[in-house]
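Student: Just one file: data.cif, with mmCIF, C-alpha atoms, pLDDT in the B column; chains and numbers go by the auth columns.
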```
data_protein
#
loop_
_atom_site.group_PDB
_atom_site.id
_atom_site.type_symbol
_atom_site.label_atom_id
_atom_site.label_comp_id
_atom_site.label_asym_id
_atom_site.label_seq_id
_atom_site.Cartn_x
_atom_site.Cartn_y
_atom_site.Cartn_z
_atom_site.B_iso_or_equiv
_atom_site.auth_seq_id
_atom_site.auth_asym_id
ATOM 1 C CA MET A 1 -60.259 62.590 5.406 62.00 560 L
ATOM 2 C CA VAL A 2 -57.689 64.211 7.572 71.00 561 L
ATOM 3 C CA THR A 3 -58.212 61.567 10.197 78.00 562 L
ATOM 4 C CA THR A 4 -57.473 58.560 8.067 89.00 563 L
ATOM 5 C CA PRO A 5 -54.180 56.930 8.840 90.00 564 L
ATOM 6 C CA GLU A 6 -53.512 56.119 5.190 90.00 565 L
ATOM 7 C CA LEU A 7 -53.400 59.816 4.380 89.00 566 L
ATOM 8 C CA TRP A 8 -50.891 60.515 7.112 87.00 567 L
ATOM 9 C CA VAL A 9 -48.737 57.591 6.003 91.00 568 L
ATOM 10 C CA LEU A 10 -48.885 58.918 2.429 90.00 569 L
ATOM 11 C CA LEU A 11 -48.008 62.453 3.543 90.00 570 L
ATOM 12 C CA SER A 12 -45.162 61.171 5.718 92.00 571 L
ATOM 13 C CA PHE A 13 -43.848 59.127 2.861 94.00 572 L
ATOM 14 C CA VAL A 14 -44.023 62.021 0.391 95.00 573 L
ATOM 15 C CA LEU A 15 -42.398 64.339 2.920 95.00 574 L
ATOM 16 C CA PHE A 16 -39.681 61.768 3.553 92.00 575 L
ATOM 17 C CA VAL A 17 -38.988 61.380 -0.174 91.00 576 L
ATOM 18 C CA ALA A 18 -39.015 65.183 -0.607 92.00 577 L
ATOM 19 C CA LEU A 19 -36.488 65.564 2.203 90.00 578 L
ATOM 20 C CA LEU A 20 -34.330 62.901 0.654 87.00 579 L
ATOM 21 C CA VAL A 21 -34.413 64.700 -2.689 87.00 580 L
ATOM 22 C CA TYR A 22 -33.867 68.092 -1.052 89.00 581 L
ATOM 23 C CA TYR A 23 -30.750 66.946 0.798 89.00 582 L
ATOM 24 C CA LYS A 24 -29.552 65.058 -2.278 88.00 583 L
ATOM 25 C CA ILE A 25 -29.488 61.745 -0.453 88.00 584 L
ATOM 26 C CA PRO A 26 -30.232 59.500 -3.464 88.00 585 L
ATOM 27 C CA PRO A 27 -27.083 60.571 -5.351 89.00 586 L
ATOM 28 C CA LYS A 28 -25.094 60.115 -2.117 89.00 587 L
ATOM 29 C CA VAL A 29 -26.599 56.670 -1.607 88.00 588 L
ATOM 30 C CA VAL A 30 -25.926 55.817 -5.244 90.00 589 L
ATOM 31 C CA LYS A 31 -22.374 57.133 -4.888 93.00 590 L
ATOM 32 C CA ALA A 32 -21.898 55.160 -1.643 93.00 591 L
ATOM 33 C CA LEU A 33 -23.278 52.049 -3.312 94.00 592 L
ATOM 34 C CA ASP A 34 -21.063 52.645 -6.354 95.00 593 L
ATOM 35 C CA ASP A 35 -18.056 53.181 -4.082 95.00 594 L
ATOM 36 C CA ARG A 36 -18.896 50.011 -2.199 96.00 595 L
ATOM 37 C CA ALA A 37 -19.352 48.106 -5.467 96.00 596 L
ATOM 38 C CA GLU A 38 -15.998 49.446 -6.694 96.00 597 L
ATOM 39 C CA GLN A 39 -14.362 48.454 -3.405 96.00 598 L
ATOM 40 C CA ILE A 40 -15.865 44.964 -3.671 96.00 599 L
ATOM 41 C CA ARG A 41 -14.745 44.750 -7.333 96.00 600 L
ATOM 42 C CA SER A 42 -11.259 45.838 -6.262 96.00 601 L
ATOM 43 C CA GLU A 43 -11.199 43.247 -3.478 96.00 602 L
ATOM 44 C CA LEU A 44 -12.385 40.571 -5.927 97.00 603 L
ATOM 45 C CA ASP A 45 -9.668 41.591 -8.381 96.00 604 L
ATOM 46 C CA GLU A 46 -7.105 41.459 -5.575 96.00 605 L
ATOM 47 C CA ALA A 47 -8.433 38.053 -4.501 96.00 606 L
ATOM 48 C CA HIS A 48 -8.250 36.842 -8.104 97.00 607 L
ATOM 49 C CA ARG A 49 -4.694 38.192 -8.423 97.00 608 L
ATOM 50 C CA LEU A 50 -3.701 36.522 -5.134 96.00 609 L
ATOM 51 C CA ARG A 51 -5.299 33.286 -6.284 96.00 610 L
ATOM 52 C CA GLU A 52 -3.339 33.376 -9.540 96.00 611 L
ATOM 53 C CA GLU A 53 -0.162 34.170 -7.614 96.00 612 L
ATOM 54 C CA ALA A 54 -0.854 31.271 -5.250 96.00 613 L
ATOM 55 C CA LYS A 55 -1.390 28.964 -8.235 96.00 614 L
ATOM 56 C CA SER A 56 1.890 30.162 -9.703 96.00 615 L
ATOM 57 C CA ILE A 57 3.710 29.602 -6.414 96.00 616 L
ATOM 58 C CA LEU A 58 2.116 26.164 -6.050 96.00 617 L
ATOM 59 C CA ALA A 59 3.168 25.222 -9.585 96.00 618 L
ATOM 60 C CA ASP A 60 6.672 26.518 -8.847 96.00 619 L
ATOM 61 C CA TYR A 61 6.929 24.457 -5.659 96.00 620 L
ATOM 62 C CA GLN A 62 5.572 21.381 -7.399 96.00 621 L
ATOM 63 C CA ARG A 63 8.173 21.814 -10.139 96.00 622 L
ATOM 64 C CA LYS A 64 10.880 22.289 -7.485 96.00 623 L
ATOM 65 C CA ARG A 65 9.643 19.173 -5.670 96.00 624 L
ATOM 66 C CA LEU A 66 9.803 17.157 -8.895 96.00 625 L
ATOM 67 C CA ASP A 67 13.268 18.520 -9.594 96.00 626 L
ATOM 68 C CA ALA A 68 14.358 17.645 -6.050 96.00 627 L
ATOM 69 C CA GLU A 69 12.940 14.126 -6.406 96.00 628 L
ATOM 70 C CA LYS A 70 14.736 13.667 -9.711 97.00 629 L
ATOM 71 C CA GLU A 71 17.945 14.985 -8.184 96.00 630 L
ATOM 72 C CA ALA A 72 17.522 12.629 -5.224 96.00 631 L
ATOM 73 C CA GLN A 73 17.016 9.717 -7.619 96.00 632 L
ATOM 74 C CA ASP A 74 20.115 10.768 -9.529 96.00 633 L
ATOM 75 C CA ILE A 75 22.082 10.961 -6.286 96.00 634 L
ATOM 76 C CA VAL A 76 20.887 7.499 -5.255 96.00 635 L
ATOM 77 C CA ALA A 77 21.726 6.078 -8.683 96.00 636 L
ATOM 78 C CA THR A 78 25.177 7.685 -8.566 96.00 637 L
ATOM 79 C CA ALA A 79 25.738 6.364 -5.058 96.00 638 L
ATOM 80 C CA GLN A 80 24.741 2.868 -6.183 96.00 639 L
ATOM 81 C CA ARG A 81 27.094 3.036 -9.166 96.00 640 L
ATOM 82 C CA ASP A 82 29.885 4.337 -6.933 96.00 641 L
ATOM 83 C CA ALA A 83 29.225 1.597 -4.386 96.00 642 L
ATOM 84 C CA GLN A 84 29.299 -1.071 -7.100 96.00 643 L
ATOM 85 C CA ALA A 85 32.495 0.366 -8.547 96.00 644 L
ATOM 86 C CA TYR A 86 34.041 0.520 -5.075 96.00 645 L
ATOM 87 C CA ALA A 87 32.979 -3.068 -4.342 95.00 646 L
ATOM 88 C CA GLU A 88 34.424 -4.221 -7.666 95.00 647 L
ATOM 89 C CA GLU A 89 37.641 -2.328 -6.982 96.00 648 L
ATOM 90 C CA GLN A 90 37.874 -3.872 -3.509 95.00 649 L
ATOM 91 C CA ARG A 91 37.273 -7.349 -4.972 95.00 650 L
ATOM 92 C CA LYS A 92 40.077 -6.696 -7.423 96.00 651 L
ATOM 93 C CA VAL A 93 42.381 -5.452 -4.644 95.00 652 L
ATOM 94 C CA VAL A 94 41.566 -8.486 -2.485 96.00 653 L
ATOM 95 C CA THR A 95 42.116 -10.825 -5.432 95.00 654 L
ATOM 96 C CA GLU A 96 45.450 -9.185 -6.227 95.00 655 L
ATOM 97 C CA THR A 97 46.457 -9.334 -2.571 95.00 656 L
ATOM 98 C CA LEU A 98 45.543 -13.015 -2.377 96.00 657 L
ATOM 99 C CA GLN A 99 47.448 -13.751 -5.574 95.00 658 L
ATOM 100 C CA ARG A 100 50.472 -11.840 -4.294 95.00 659 L
ATOM 101 C CA ARG A 101 50.347 -13.703 -0.981 95.00 660 L
ATOM 102 C CA MET A 102 49.935 -17.011 -2.796 96.00 661 L
ATOM 103 C CA ARG A 103 52.935 -16.178 -4.967 95.00 662 L
ATOM 104 C CA LEU A 104 54.961 -15.191 -1.877 95.00 663 L
ATOM 105 C CA ALA A 105 53.900 -18.399 -0.108 95.00 664 L
ATOM 106 C CA GLU A 106 54.866 -20.477 -3.164 95.00 665 L
ATOM 107 C CA GLU A 107 58.232 -18.705 -3.318 95.00 666 L
ATOM 108 C CA LYS A 108 58.722 -19.332 0.395 96.00 667 L
ATOM 109 C CA ILE A 109 57.839 -22.990 -0.067 95.00 668 L
ATOM 110 C CA SER A 110 60.196 -23.197 -3.052 94.00 669 L
ATOM 111 C CA ARG A 111 63.021 -21.639 -1.022 95.00 670 L
ATOM 112 C CA ALA A 112 62.276 -23.987 1.869 94.00 671 L
ATOM 113 C CA GLU A 113 62.379 -26.965 -0.520 94.00 672 L
ATOM 114 C CA GLU A 114 65.676 -25.761 -1.969 93.00 673 L
ATOM 115 C CA GLN A 115 67.066 -25.281 1.525 94.00 674 L
ATOM 116 C CA ALA A 116 65.825 -28.729 2.548 94.00 675 L
ATOM 117 C CA VAL A 117 67.432 -30.294 -0.546 92.00 676 L
ATOM 118 C CA HIS A 118 70.646 -28.419 0.190 91.00 677 L
ATOM 119 C CA ASP A 119 70.552 -29.508 3.854 91.00 678 L
ATOM 120 C CA ILE A 120 69.856 -33.110 2.849 92.00 679 L
ATOM 121 C CA ARG A 121 72.698 -33.084 0.309 88.00 680 L
ATOM 122 C CA SER A 122 74.988 -31.548 2.875 88.00 681 L
ATOM 123 C CA ARG A 123 73.947 -34.097 5.488 89.00 682 L
ATOM 124 C CA ALA A 124 74.245 -36.900 2.925 87.00 683 L
ATOM 125 C CA ALA A 125 77.714 -35.708 2.038 83.00 684 L
ATOM 126 C CA ASP A 126 78.663 -35.592 5.716 84.00 685 L
ATOM 127 C CA VAL A 127 77.279 -39.100 6.254 86.00 686 L
ATOM 128 C CA ALA A 128 79.027 -40.351 3.121 83.00 687 L
ATOM 129 C CA ILE A 129 82.254 -38.816 4.304 80.00 688 L
ATOM 130 C CA SER A 130 81.864 -40.370 7.731 83.00 689 L
ATOM 131 C CA ALA A 131 80.993 -43.726 6.221 83.00 690 L
ATOM 132 C CA ALA A 132 83.903 -43.521 3.789 77.00 691 L
ATOM 133 C CA GLU A 133 86.184 -42.569 6.644 74.00 692 L
ATOM 134 C CA ILE A 134 85.078 -45.546 8.683 79.00 693 L
ATOM 135 C CA VAL A 135 85.398 -47.947 5.744 77.00 694 L
ATOM 136 C CA ILE A 136 88.793 -46.602 4.735 68.00 695 L
ATOM 137 C CA ALA A 137 89.975 -46.532 8.337 69.00 696 L
ATOM 138 C CA ARG A 138 89.109 -50.227 8.710 75.00 697 L
ATOM 139 C CA GLN A 139 90.787 -51.205 5.483 73.00 698 L
ATOM 140 C CA LEU A 140 93.758 -48.863 5.517 68.00 699 L
ATOM 141 C CA LYS A 141 96.024 -48.678 8.436 67.00 700 L
ATOM 142 C CA GLY A 142 98.610 -46.244 9.479 66.00 701 L
ATOM 143 C CA GLU A 143 99.805 -42.942 8.151 73.00 702 L
ATOM 144 C CA SER A 144 98.792 -43.488 4.514 70.00 703 L
ATOM 145 C CA ALA A 145 95.181 -44.047 5.558 64.00 704 L
ATOM 146 C CA LYS A 146 95.123 -40.878 7.546 71.00 705 L
ATOM 147 C CA ASN A 147 96.559 -38.841 4.640 77.00 706 L
ATOM 148 C CA LEU A 148 94.123 -40.396 2.168 72.00 707 L
ATOM 149 C CA VAL A 149 91.118 -39.642 4.423 68.00 708 L
ATOM 150 C CA GLU A 150 92.161 -36.023 4.882 77.00 709 L
ATOM 151 C CA LYS A 151 92.704 -35.605 1.132 79.00 710 L
ATOM 152 C CA CYS A 152 89.299 -37.128 0.333 76.00 711 L
ATOM 153 C CA VAL A 153 87.526 -34.963 2.922 75.00 712 L
ATOM 154 C CA LYS A 154 89.026 -31.852 1.348 79.00 713 L
ATOM 155 C CA ASP A 155 88.120 -32.992 -2.179 79.00 714 L
ATOM 156 C CA VAL A 156 84.537 -33.851 -1.257 74.00 715 L
ATOM 157 C CA GLY A 157 84.055 -30.556 0.540 70.00 716 L
ATOM 158 C CA THR A 158 85.255 -28.555 -2.487 74.00 717 L
ATOM 159 C CA LYS A 159 83.319 -30.593 -5.041 71.00 718 L
ATOM 160 C CA LEU A 160 79.987 -30.541 -3.189 65.00 719 L
ATOM 161 C CA ASN A 161 80.010 -26.888 -2.248 54.00 720 L
#
```
Step by step, read the file and then write its structure as structure tokens.

Tutor:
Amino acid sequence: MVTTPELWVLLSFVLFVALLVYYKIPPKVVKALDDRAEQIRSELDEAHRLREEAKSILADYQRKRLDAEKEAQDIVATAQRDAQAYAEEQRKVVTETLQRRMRLAEEKISRAEEQAVHDIRSRAADVAISAAEIVIARQLKGESAKNLVEKCVKDVGTKLN
């Protein structure tokens, strides 16, 4: 029986287990396994905490992105309203400018017409005076004609102006 390999394997195994118990290896192994389990649990808790923090940060950035998009839309809407108001104001300014220029042009035309009428009246008076002078000079002779023409020229000049 001493020569059977099974016996020696059994004795080696028993001796191995006895040595393990003698040197208190099982409690150390259990403690090492418990420590490792605790470390893994701690790492899992840390990973879970980091995951929750990442979710929170992601939600925060998504909210900020939505806020930024809304703000951008508000800015665009404000810019469009401002542009429309500016365009309307410029249309009004251009319209007022055109009306003012039209009014100035009409006044200029009116003054030119008045000046033309005045020039025509003045020219007509000069022509009438010249014609009257010629007619009177042909019909009246001498010093009395000359005096009459001078008197009429003075009277016409004062009455027309």

Student: Nearest to Ser689 of chain L among L:Val676, L:Cys711, L:Ala596, L:Ala664, with distances taken over only C-alpha atoms: which residue is it?

Tutor: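 Between L:Val676, L:Cys711, L:Ala596, L:Ala664, the residue approaching Ser689 of chain L most closely is L:Cys711.
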
Student: Which centre and edge lengths in Å to one decimal define the box along x, y and z that fits every listed atom of segment 649-662 of chain L plus 4 Å per side, as JSON?

Tutor:
```
{"center_x": 45.1, "center_y": -10.4, "center_z": -4.2, "size_x": 23.7, "size_y": 21.1, "size_z": 14.4}
```

Student: The PyMOL selection byres ((chain L and resi 715) around 12) - which residues does that actually catch in the file I just gave you? List them as a PyMOL selection string.

Tutor: chain L and resi 680-681+683-689+691-692+708-714+716-720

Student: For atom CA of Thr562 of chain L and atom CA of Leu579 of chain L, quote the distance in Å rounded to one decimal.

Tutor: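 About the pair atom CA of Thr562 of chain L and atom CA of Leu579 of chain L: they are 25.8 Å apart.
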